[in-house]
>>> print(open('run_18.txt').read())   # compact mmCIF, C-alpha atoms and all ligand atoms
# COMPACT_ATOMS: atom_id res chain seq x y z
CA MET P 1456 25.08 0.09 10.48
CA VAL P 1457 24.34 3.64 9.42
CA SER P 1458 20.64 4.20 8.90
CA ALA P 1459 19.38 6.19 5.98
CA ARG P 1460 17.29 9.17 7.05
CA PRO P 1461 15.05 9.89 4.10
CA ALA P 1462 13.19 13.18 3.89
CA ALA P 1463 9.50 13.10 4.82
CA ARG P 1464 7.49 11.07 2.35
CA PHE P 1465 4.27 12.82 3.27
CA THR P 1466 2.99 16.03 4.76
CA LEU P 1467 -0.71 15.56 5.45
CA VAL P 1468 -3.35 16.03 8.16
CA ASP P 1469 -4.53 13.33 10.53
CA HIS P 1470 -8.14 12.37 11.20
CA PHE P 1471 -8.33 15.03 13.89
CA GLY P 1472 -7.31 17.69 11.38
CA ARG P 1473 -3.82 18.10 12.84
CA SER P 1474 -0.75 18.43 10.67
CA ALA P 1475 1.04 15.09 10.32
CA THR P 1476 4.36 14.72 8.55
CA GLU P 1477 6.29 11.49 8.28
CA THR P 1478 9.06 12.89 10.46
CA ASP P 1479 6.53 13.42 13.31
CA PHE P 1480 6.49 9.64 13.65
CA ARG P 1481 10.27 9.14 13.83
CA GLY P 1482 11.09 6.90 16.76
CA ARG P 1483 8.21 4.60 15.91
CA ASN P 1484 7.88 2.03 13.19
CA LEU P 1485 5.29 2.84 10.57
CA LEU P 1486 2.85 0.44 9.01
CA VAL P 1487 1.43 2.35 6.05
CA TYR P 1488 -1.59 1.36 4.00
CA PHE P 1489 -3.29 3.37 1.25
CA GLY P 1490 -7.00 3.12 0.48
CA PHE P 1491 -10.29 5.01 0.61
CA THR P 1492 -13.24 4.81 2.93
CA HIS P 1493 -15.80 4.10 0.19
CA CYS P 1494 -13.85 0.96 -0.75
CA ARG P 1495 -16.30 -1.90 -0.52
CA VAL P 1496 -14.06 -4.96 -0.29
CA VAL P 1497 -10.30 -4.42 -0.27
CA CYS P 1498 -9.92 -1.83 2.49
CA PRO P 1499 -12.30 -3.45 5.00
CA ARG P 1500 -10.54 -6.77 4.48
CA SER P 1501 -7.02 -5.32 4.71
CA LEU P 1502 -7.73 -3.03 7.66
CA ALA P 1503 -9.39 -5.87 9.58
CA ARG P 1504 -6.49 -8.19 8.84
CA LEU P 1505 -3.81 -5.64 9.74
CA SER P 1506 -5.68 -4.75 12.94
CA GLN P 1507 -5.76 -8.41 13.94
CA VAL P 1508 -2.05 -8.73 13.20
CA LEU P 1509 -1.31 -5.72 15.43
CA ASP P 1510 -3.41 -7.34 18.18
CA ARG P 1511 -1.49 -10.55 17.75
CA LEU P 1512 1.82 -8.70 18.12
CA GLY P 1513 0.72 -7.49 21.56
CA GLU P 1514 3.14 -5.06 23.17
CA LYS P 1515 5.48 -5.34 20.21
CA ALA P 1516 2.88 -3.29 18.35
CA ASP P 1517 3.12 -0.44 20.86
CA ARG P 1518 5.91 1.16 18.89
CA ILE P 1519 4.20 0.80 15.53
CA ALA P 1520 2.11 3.67 14.18
CA ALA P 1521 -0.46 2.24 11.76
CA LEU P 1522 -1.41 4.80 9.11
CA TYR P 1523 -4.25 4.69 6.62
CA ILE P 1524 -3.58 7.24 3.87
CA THR P 1525 -6.51 8.04 1.63
CA VAL P 1526 -6.27 7.95 -2.13
CA ASP P 1527 -9.64 9.76 -2.29
CA PRO P 1528 -9.02 13.08 -0.56
CA ALA P 1529 -12.06 14.68 -2.25
CA ARG P 1530 -14.38 12.56 -0.11
CA ASP P 1531 -12.12 11.47 2.74
CA THR P 1532 -12.02 14.53 4.95
CA PRO P 1533 -10.55 14.18 8.46
CA ASP P 1534 -14.11 13.79 9.86
CA VAL P 1535 -15.03 11.08 7.38
CA MET P 1536 -11.83 9.20 8.12
CA ARG P 1537 -12.20 9.53 11.88
CA ARG P 1538 -15.70 8.06 11.77
CA TYR P 1539 -14.64 5.28 9.40
CA LEU P 1540 -11.65 4.32 11.52
CA GLU P 1541 -13.78 3.86 14.63
CA ALA P 1542 -14.05 0.31 13.29
CA TYR P 1543 -10.24 0.07 13.04
CA PRO P 1544 -9.01 2.02 16.07
CA ALA P 1545 -5.39 0.94 15.66
CA PHE P 1546 -5.19 3.18 12.59
CA THR P 1547 -4.64 6.88 12.20
CA GLY P 1548 -6.20 8.26 9.04
CA LEU P 1549 -4.29 10.76 6.92
CA THR P 1550 -5.64 13.00 4.21
CA GLY P 1551 -4.64 16.20 2.44
CA SER P 1552 -4.93 18.12 -0.80
CA ALA P 1553 -4.92 16.24 -4.09
CA GLU P 1554 -1.32 17.38 -4.61
CA GLU P 1555 -0.22 16.26 -1.15
CA ILE P 1556 -1.85 12.86 -1.62
CA ASP P 1557 -0.26 12.50 -5.07
CA ALA P 1558 3.14 13.21 -3.51
CA ALA P 1559 2.58 10.57 -0.83
CA LYS P 1560 1.47 8.04 -3.45
CA ARG P 1561 4.57 8.74 -5.52
CA ALA P 1562 6.83 8.40 -2.48
CA PHE P 1563 5.45 4.92 -1.76
CA ARG P 1564 4.97 4.05 -5.44
CA VAL P 1565 1.31 3.39 -4.82
CA PHE P 1566 -0.99 2.98 -7.78
CA ALA P 1567 -4.49 4.43 -7.39
CA GLU P 1568 -6.56 6.14 -10.07
CA ARG P 1569 -10.13 7.33 -9.92
CA ARG P 1570 -12.45 5.28 -12.12
CA ALA P 1571 -16.18 5.30 -12.89
CA ASP P 1572 -18.13 2.91 -10.67
CA PRO P 1573 -21.90 2.70 -11.18
CA LEU P 1574 -22.29 0.90 -7.83
CA ASP P 1575 -20.80 3.82 -5.91
CA PRO P 1576 -23.24 6.51 -4.71
CA ASP P 1577 -20.98 9.21 -6.17
CA GLY P 1578 -20.31 7.24 -9.33
CA TYR P 1579 -16.64 6.57 -8.82
CA ALA P 1580 -14.17 4.37 -6.98
CA VAL P 1581 -10.41 4.58 -6.58
CA PRO P 1582 -8.96 1.12 -7.14
CA HIS P 1583 -5.64 0.90 -5.36
CA SER P 1584 -2.76 -1.43 -4.68
CA ALA P 1585 -3.32 -3.43 -1.48
CA ILE P 1586 0.17 -3.34 -0.04
CA ALA P 1587 1.19 -2.48 3.51
CA TYR P 1588 4.64 -0.92 3.99
CA LEU P 1589 6.70 -1.36 7.14
CA MET P 1590 9.22 1.40 7.85
CA ASP P 1591 11.88 1.52 10.54
CA ARG P 1592 12.00 4.08 13.34
CA GLU P 1593 13.94 6.52 11.19
CA GLY P 1594 11.80 6.22 8.11
CA ALA P 1595 13.82 3.69 6.16
CA TYR P 1596 11.94 0.97 4.32
CA LEU P 1597 11.94 -2.43 6.04
CA ASP P 1598 9.41 -4.65 4.26
CA HIS P 1599 6.11 -4.69 2.45
CA PHE P 1600 3.22 -7.12 2.54
CA THR P 1601 0.62 -8.02 -0.04
CA ASP P 1602 -2.91 -9.21 0.62
CA ALA P 1603 -1.79 -12.76 -0.06
CA LEU P 1604 -0.17 -13.21 3.37
CA ASP P 1605 -2.32 -14.61 6.13
CA GLU P 1606 -2.29 -13.10 9.60
CA GLU P 1607 0.19 -15.54 11.06
CA ALA P 1608 2.70 -15.09 8.25
CA LEU P 1609 2.28 -11.34 8.36
CA ALA P 1610 2.77 -11.17 12.14
CA SER P 1611 5.89 -13.28 11.88
CA ARG P 1612 7.35 -11.16 9.06
CA ILE P 1613 6.79 -8.01 11.11
CA GLU P 1614 8.33 -9.61 14.20
CA GLN P 1615 11.39 -10.60 12.19
CA ALA P 1616 11.79 -7.10 10.81
CA LEU P 1617 11.39 -5.50 14.25
CA ALA P 1618 13.86 -7.96 15.79
CA GLN P 1619 16.54 -6.78 13.38
CA GLN P 1620 16.36 -3.23 14.67
CA GLU P 1621 18.72 -1.91 17.32
CA PRO P 1622 17.19 -2.32 20.77
CA ILE P 1623 15.71 0.84 22.27
CA SER P 1624 17.65 1.75 25.40
CA ASP P 1625 15.44 4.46 26.84
CA ASP P 1626 12.57 2.33 28.10
NI NI P 1701 -9.62 0.04 -0.54
>>> encode(input="run_18.txt", output="structure tokens")
Amino acid sequence: MVSARPAARFTLVDHFGRSATETDFRGRNLLVYFGFTHCRVVCPRSLARLSQVLDRLGEKADRIAALYITVDPARDTPDVMRRYLEAYPAFTGLTGSAEEIDAAKRAFRVFAERRADPLDPDGYAVPHSAIAYLMDREGAYLDHFTDALDEEALASRIEQALAQQEPISDD
């Protein structure tokens, strides 16, 4: 089967401030989740669940890069994301300019719009779709997962998707 090799869906910076483009991760599967660090409920729940799923996958997770792309680049600087992700160390945080984040959102068809939120210290939140995307080692879409899946179902869906890939011969 001939794999599609899509162009990079994002060109951002990681939580260490280093340039990070989708093509930098070629050769690894990507698990991509969009959110923002001020998110009170959805992100903590999703990131905890996805982290547990990666744990459950054991060494099968070694070739998966888990990415958390902010939809709130105004507040989510690399430093903010690095500190936040200390609680979810499987994840690499990605941020960028508003334009770069908009391009990444469009590429994954992620919905997220800033909205007034009186409970937020800065007066706004960025409600977002809670979907994790699984990409193959060359950047082609494999599967996506909503919040409705429990950890066991999610781990098994990821295992199935990974099992369908060509084996890697160089390890
Ligand atoms: Ni969130």
>>> residues_near_ligand(input="run_18.txt", ligand="ligand NI 1701 (chain P)", cutoff="8 Å", atoms="all atoms listed in the file", output="JSON, numbers by chain")
{"P": [1489, 1490, 1491, 1492, 1493, 1494, 1495, 1496, 1497, 1498, 1499, 1501, 1581, 1582, 1583, 1585]}
>>> closest_residue(input="run_18.txt", among="P:Arg1592, P:Ala1553, P:Asp1527, P:Ala1610", to="Arg1569 in chain P", atoms="all atoms listed in the file")
P:Asp1527
>>> atom_distance(input="run_18.txt", atom1="CA of Ser1506 in chain P", atom2="CA of Ala1462 in chain P")
27.6 Å
>>> atom_distance(input="run_18.txt", atom1="CA of Glu1593 in chain P", atom2="CA of Tyr1543 in chain P")
25.1 Å
>>> atom_distance(input="run_18.txt", atom1="CA of Asp1557 in chain P", atom2="CA of Val1468 in chain P")
14.0 Å
>>> closest_residue(input="run_18.txt", among="P:Gly1472, P:Gly1594, P:Gly1482, P:Gly1513", to="Met1536 in chain P", atoms="all atoms listed in the file")
P:Gly1472
>>> residues_around(input="run_18.txt", residues="Glu1477 in chain P", least_positions_apart="4", cutoff="10 Å", atoms="only C-alpha atoms", output="VMD selection string")
chain P and resid 1461 to 1467 1481 1485 1559 1593 to 1594
>>> closest_residue(input="run_18.txt", among="P:Glu1514, P:Asp1577, P:Glu1614, P:Asp1469", to="Thr1532 in chain P", atoms="only C-alpha atoms")
P:Asp1469
>>> closest_residue(input="run_18.txt", among="P:Arg1537, P:Val1508, P:Asp1479, P:Arg1518", to="Glu1606 in chain P", atoms="all atoms listed in the file")
P:Val1508
